[in-house]
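Novice: This structure is in structure tokens; I'll ask about it shortly.
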Amino acid sequence: MDCEEKNDTEANAPSVIDRYYTRWYRADMKGNPCEDHCILQHSNRICVITLAETHPVLQNGRTIKSINYQISNGCSRLNNKVSGKSKRGGQFLTDFAPLCRITCTDETEYTIYSCIRGRLLEVNENILETPNLLLEKPSTEGYIAVILPKFEESKSITKNLMSREEFEHVISKRGAAQLQPS
């Protein structure tokens with residue numbers, strides 16, 4: 001195999017995300033337009049919560065001022081500690097549980113939700129020190145959190161989520177609606 005052929009193969013190879021994860025989406029979270037979330041589901045049930053590429057934080061060259069995992073006075077996602085094979089001690093989340101709040105330099109604040117029910121395994125503390133990871137690599141190093149759904153619910157968690165095709169259809173309808181004169 002010559003060098004040129006090898007480079008073509010590397011360029012066409014799917015990414016780790018595309019190879020091992022299924023993308024699911026939640027559009028207009030809690031009725032907030034364009035606040036879209038992406039859930040990367042691995043075959044072992046683990047779900048990685050990220051921002052969808054259409055989320056306002058990732059649009060219009062915004063800059064992140066701060067990310068806060070302190071949800072309320074009594075609840076910080078940073079205090080989540082899990083142990084053992086069954087991940088005991090992890091906070092249990094409903095599908096509308098807030099994970100963190102992102103504040104941009106223009107003072108707009110966005111709450112990021114879990115989107116699925118399950119046990120919180122970890123939050124990404126790296127984005128606290130380097131918020132640009134969220135902007136530059138939202139699906140990989142800029143993820144928000146990792147959640148493990150209950151075994152019995154692992155097949156049904158996707159019923160409230162959209163596939164990539166359904167999400168792209170929503171995005172195209174949203175774009176067409178914005179083009180319509182009012």
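Every chain in the structure tokens takes a letter, A first, then B, and so on in the order presented; its residues are numbered from 1, and the ligands are numbered from 1 following the presented order.
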Among stretch 6-180 of chain A, which residues carry a DSSP assignment of strand (DSSP E or B), reported as a count of residues only?
Specialist: 54
Novice: Any idea what's packed within 12 Å of A:Ile127, counting only C-alpha atoms, ignoring anything in its chain fewer than 3 positions away? Could you give it as a count of residues only?
Specialist: 26
Novice: I'd like the contact shell of A:His55 - 7 Å cut-off, only C-alpha atoms, skipping same-chain residues fewer than 5 positions apart - returned as a count of residues only.
Specialist: 3
Novice: Wanna dump the stretch 76-149 of chain A-stretch 37-47 of chain A contacts at 7 Å for me, each residue with its shortest atom pair and the distance in Å to one decimal, counting only C-alpha atoms, ordered by chain and number, as CSV?
Specialist:
```
residue,atom,partner,partner_atom,distance
A:Val146,CA,A:Cys47,CA,5.7
A:Ile147,CA,A:Cys47,CA,5.2
A:Leu148,CA,A:Ile46,CA,4.9
A:Pro149,CA,A:Arg45,CA,6.7
```
Novice: Restricting the output to N, CA and C atoms, write the selected residues as a short mmCIF file (atom, residue, chain, number, x, y, z; two decimals), in the first residue's frame.
Specialist:
```cif
data_model
loop_
_atom_site.label_atom_id
_atom_site.label_comp_id
_atom_site.auth_asym_id
_atom_site.auth_seq_id
_atom_site.Cartn_x
_atom_site.Cartn_y
_atom_site.Cartn_z
N VAL A 146 -21.17 11.99 32.14
CA VAL A 146 -21.37 10.59 31.76
C VAL A 146 -22.44 10.02 32.68
N ILE A 147 -23.46 9.39 32.07
CA ILE A 147 -24.59 8.86 32.83
C ILE A 147 -24.78 7.39 32.46
N LEU A 148 -25.09 6.58 33.49
CA LEU A 148 -25.37 5.17 33.27
C LEU A 148 -26.85 4.92 33.55
N PRO A 149 -27.65 4.65 32.51
CA PRO A 149 -29.07 4.34 32.74
C PRO A 149 -29.23 3.01 33.46
#
```
Novice: Residues of chain A classed as alpha helix (DSSP H) by DSSP on the backbone are to be reported as a PyMOL selection string.
Specialist: chain A and resi 3-12+16-20+126-129+132-136+164-179
Novice: Restricting the calculation to only C-alpha atoms, which member of A:Thr158, A:Thr105, A:Ser139, A:Asn126 is positioned closest to A:Gly61?
Specialist: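 So, comparing all the options, the nearest one is A:Thr105.
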Novice: Check the smallest atom-to-atom distance from each of A:Ser163, A:Thr103, A:Asn12, A:Thr22 to A:Arg62 using only C-alpha atoms, then report the winner.
Specialist: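 Going through A:Ser163, A:Thr103, A:Asn12, A:Thr22 one by one, the smallest distance to A:Arg62 is for A:Thr103.
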Novice: Please determine, counting only C-alpha atoms, which residue among A:Val170, A:Ala13, A:Leu121, A:Met162 has the shortest atom-to-atom distance to A:Lys85.
Specialist: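 Smallest separation from A:Lys85 among the options: A:Leu121.
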Novice: Give me, as a CSV table (one decimal) with all heavy atoms, in the first residue's frame, all polymer residues having an atom no more than 12 Å from stretch 171-175 of chain A, counting only C-alpha atoms and skipping those fewer than 3 positions away in the same chain.
Specialist:
```csv
chain,number,residue,atom,x,y,z
A,25,TYR,N,-30.6,12.8,20.0
A,25,TYR,CA,-30.7,14.2,20.2
A,25,TYR,C,-32.0,14.6,21.0
A,25,TYR,O,-33.0,13.9,20.9
A,25,TYR,CB,-30.8,15.0,18.9
A,25,TYR,CG,-29.5,14.9,18.1
A,25,TYR,CD1,-29.2,13.8,17.3
A,25,TYR,CD2,-28.5,15.8,18.3
A,25,TYR,CE1,-28.0,13.7,16.6
A,25,TYR,CE2,-27.3,15.7,17.6
A,25,TYR,CZ,-27.1,14.7,16.8
A,25,TYR,OH,-25.9,14.6,16.1
A,26,ARG,N,-32.0,15.7,21.7
A,26,ARG,CA,-33.1,16.3,22.4
A,26,ARG,C,-33.1,17.7,21.9
A,26,ARG,O,-32.2,18.5,22.2
A,26,ARG,CB,-33.0,16.2,23.9
A,26,ARG,CG,-34.2,16.4,24.7
A,26,ARG,CD,-34.9,15.1,24.9
A,26,ARG,NE,-36.1,15.2,25.6
A,26,ARG,CZ,-36.4,14.7,26.8
A,26,ARG,NH1,-35.5,14.0,27.4
A,26,ARG,NH2,-37.6,14.8,27.3
A,27,ALA,N,-34.1,18.1,21.1
A,27,ALA,CA,-34.2,19.4,20.5
A,27,ALA,C,-35.1,20.3,21.4
A,27,ALA,O,-36.0,19.9,22.1
A,27,ALA,CB,-34.8,19.4,19.1
A,28,ASP,N,-34.7,21.6,21.4
A,28,ASP,CA,-35.5,22.7,22.1
A,28,ASP,C,-35.8,22.2,23.6
A,28,ASP,O,-36.9,22.2,24.0
A,28,ASP,CB,-36.8,23.0,21.4
A,28,ASP,CG,-36.6,23.4,20.0
A,28,ASP,OD1,-35.5,24.0,19.7
A,28,ASP,OD2,-37.5,23.1,19.1
A,33,PRO,N,-36.0,27.4,22.4
A,33,PRO,CA,-35.6,27.2,21.0
A,33,PRO,C,-34.1,27.1,20.8
A,33,PRO,O,-33.3,27.8,21.4
A,33,PRO,CB,-36.2,28.4,20.3
A,33,PRO,CG,-36.6,29.4,21.4
A,33,PRO,CD,-36.6,28.7,22.7
A,34,CYS,N,-33.7,26.1,20.0
A,34,CYS,CA,-32.4,25.8,19.6
A,34,CYS,C,-31.5,25.3,20.7
A,34,CYS,O,-30.3,25.0,20.5
A,34,CYS,CB,-31.7,27.1,19.0
A,34,CYS,SG,-32.5,27.6,17.5
A,35,GLU,N,-31.9,25.2,21.9
A,35,GLU,CA,-31.1,24.6,23.0
A,35,GLU,C,-31.1,23.1,22.9
A,35,GLU,O,-31.9,22.4,23.6
A,35,GLU,CB,-31.6,25.1,24.4
A,35,GLU,CG,-31.2,26.5,24.6
A,35,GLU,CD,-31.3,27.0,26.0
A,35,GLU,OE1,-31.2,26.1,27.0
A,35,GLU,OE2,-31.5,28.2,26.2
A,36,ASP,N,-30.3,22.6,22.0
A,36,ASP,CA,-30.3,21.2,21.6
A,36,ASP,C,-29.2,20.5,22.3
A,36,ASP,O,-28.1,21.0,22.4
A,36,ASP,CB,-30.2,21.0,20.1
A,36,ASP,CG,-31.2,21.8,19.3
A,36,ASP,OD1,-32.3,22.0,19.8
A,36,ASP,OD2,-30.9,22.3,18.2
A,52,ALA,N,-25.4,19.6,21.3
A,52,ALA,CA,-25.5,19.4,19.9
A,52,ALA,C,-24.8,20.6,19.2
A,52,ALA,O,-24.7,21.7,19.7
A,52,ALA,CB,-27.0,19.4,19.5
A,53,GLU,N,-24.4,20.3,17.9
A,53,GLU,CA,-23.7,21.4,17.2
A,53,GLU,C,-24.5,22.6,16.9
A,53,GLU,O,-24.0,23.7,16.6
A,53,GLU,CB,-23.1,20.8,15.9
A,53,GLU,CG,-24.1,20.1,15.0
A,53,GLU,CD,-24.3,18.6,15.3
A,53,GLU,OE1,-23.8,18.1,16.3
A,53,GLU,OE2,-25.0,17.9,14.5
A,54,THR,N,-25.8,22.5,17.1
A,54,THR,CA,-26.7,23.7,16.9
A,54,THR,C,-27.0,24.5,18.1
A,54,THR,O,-27.8,25.4,18.1
A,54,THR,CB,-28.1,23.2,16.3
A,54,THR,OG1,-28.6,22.2,17.2
A,54,THR,CG2,-27.9,22.5,14.9
A,55,HIS,N,-26.5,24.0,19.3
A,55,HIS,CA,-26.7,24.8,20.6
A,55,HIS,C,-26.2,26.2,20.5
A,55,HIS,O,-25.1,26.4,19.9
A,55,HIS,CB,-26.1,24.0,21.7
A,55,HIS,CG,-26.6,24.4,23.1
A,55,HIS,ND1,-26.2,25.6,23.7
A,55,HIS,CD2,-27.5,23.9,23.9
A,55,HIS,CE1,-26.8,25.7,24.8
A,55,HIS,NE2,-27.6,24.7,25.0
A,162,MET,N,-34.4,11.8,19.7
A,162,MET,CA,-34.5,11.8,18.2
A,162,MET,C,-33.2,11.1,17.6
A,162,MET,O,-32.1,11.4,18.1
A,162,MET,CB,-34.6,13.2,17.6
A,162,MET,CG,-35.9,13.8,17.9
A,162,MET,SD,-35.9,15.5,17.1
A,162,MET,CE,-35.8,16.5,18.5
A,164,ARG,N,-30.4,10.8,14.4
A,164,ARG,CA,-29.7,11.8,13.7
A,164,ARG,C,-30.6,12.3,12.5
A,164,ARG,O,-30.7,13.5,12.3
A,164,ARG,CB,-28.5,11.3,13.1
A,164,ARG,CG,-27.7,12.2,12.3
A,164,ARG,CD,-26.5,12.6,13.0
A,164,ARG,NE,-25.7,13.6,12.3
A,164,ARG,CZ,-24.8,14.4,12.9
A,164,ARG,NH1,-24.6,14.2,14.2
A,164,ARG,NH2,-24.1,15.2,12.3
A,165,GLU,N,-31.3,11.4,11.8
A,165,GLU,CA,-32.2,11.8,10.7
A,165,GLU,C,-33.4,12.7,11.2
A,165,GLU,O,-33.7,13.7,10.5
A,165,GLU,CB,-32.7,10.6,10.0
A,165,GLU,CG,-31.6,9.7,9.3
A,165,GLU,CD,-30.8,8.9,10.2
A,165,GLU,OE1,-31.3,8.5,11.3
A,165,GLU,OE2,-29.6,8.6,9.9
A,166,GLU,N,-34.0,12.3,12.3
A,166,GLU,CA,-35.1,13.0,12.8
A,166,GLU,C,-34.6,14.4,13.2
A,166,GLU,O,-35.3,15.4,13.0
A,166,GLU,CB,-35.7,12.3,14.0
A,166,GLU,CG,-36.4,11.0,13.6
A,166,GLU,CD,-36.8,10.2,14.9
A,166,GLU,OE1,-36.0,10.2,15.8
A,166,GLU,OE2,-37.9,9.5,14.8
A,167,PHE,N,-33.5,14.5,13.8
A,167,PHE,CA,-32.9,15.8,14.3
A,167,PHE,C,-32.6,16.7,13.1
A,167,PHE,O,-32.9,17.9,13.1
A,167,PHE,CB,-31.7,15.5,15.2
A,167,PHE,CG,-31.1,16.8,15.7
A,167,PHE,CD1,-31.7,17.6,16.6
A,167,PHE,CD2,-29.8,17.2,15.3
A,167,PHE,CE1,-31.2,18.7,17.2
A,167,PHE,CE2,-29.2,18.4,15.8
A,167,PHE,CZ,-29.9,19.1,16.7
A,168,GLU,N,-32.0,16.1,12.1
A,168,GLU,CA,-31.7,16.9,10.9
A,168,GLU,C,-33.0,17.4,10.2
A,168,GLU,O,-33.0,18.5,9.7
A,168,GLU,CB,-30.9,16.1,9.9
A,168,GLU,CG,-29.4,15.9,10.4
A,168,GLU,CD,-28.6,15.0,9.5
A,168,GLU,OE1,-29.2,14.3,8.6
A,168,GLU,OE2,-27.4,14.9,9.8
A,178,GLN,N,-37.2,30.1,9.8
A,178,GLN,CA,-36.5,31.4,9.9
A,178,GLN,C,-36.5,32.2,8.6
A,178,GLN,O,-36.4,33.4,8.6
A,178,GLN,CB,-35.1,31.1,10.5
A,178,GLN,CG,-35.1,30.7,11.9
A,178,GLN,CD,-33.7,30.3,12.4
A,178,GLN,OE1,-32.8,30.1,11.6
A,178,GLN,NE2,-33.6,30.1,13.7
A,179,LEU,N,-36.5,31.4,7.5
A,179,LEU,CA,-36.5,32.1,6.2
A,179,LEU,C,-37.8,32.7,5.8
A,179,LEU,O,-37.9,33.6,4.9
A,179,LEU,CB,-36.0,31.1,5.1
A,179,LEU,CG,-34.5,30.6,5.3
A,179,LEU,CD1,-34.2,29.6,4.2
A,179,LEU,CD2,-33.6,31.8,5.1
A,180,GLN,N,-38.9,32.2,6.4
A,180,GLN,CA,-40.2,32.7,6.1
A,180,GLN,C,-40.4,34.2,6.5
A,180,GLN,O,-40.0,34.5,7.6
A,180,GLN,CB,-41.3,31.9,6.8
A,180,GLN,CG,-41.4,30.4,6.3
A,180,GLN,CD,-42.0,30.3,5.0
A,180,GLN,OE1,-42.8,31.1,4.6
A,180,GLN,NE2,-41.6,29.3,4.2
```
Novice: Mind giving me the straight-line distance from atom CA of A:Ile17 to atom CA of A:Ile49 in Å, one decimal?
Specialist: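 Here the two named atoms are 12.6 Å from each other.
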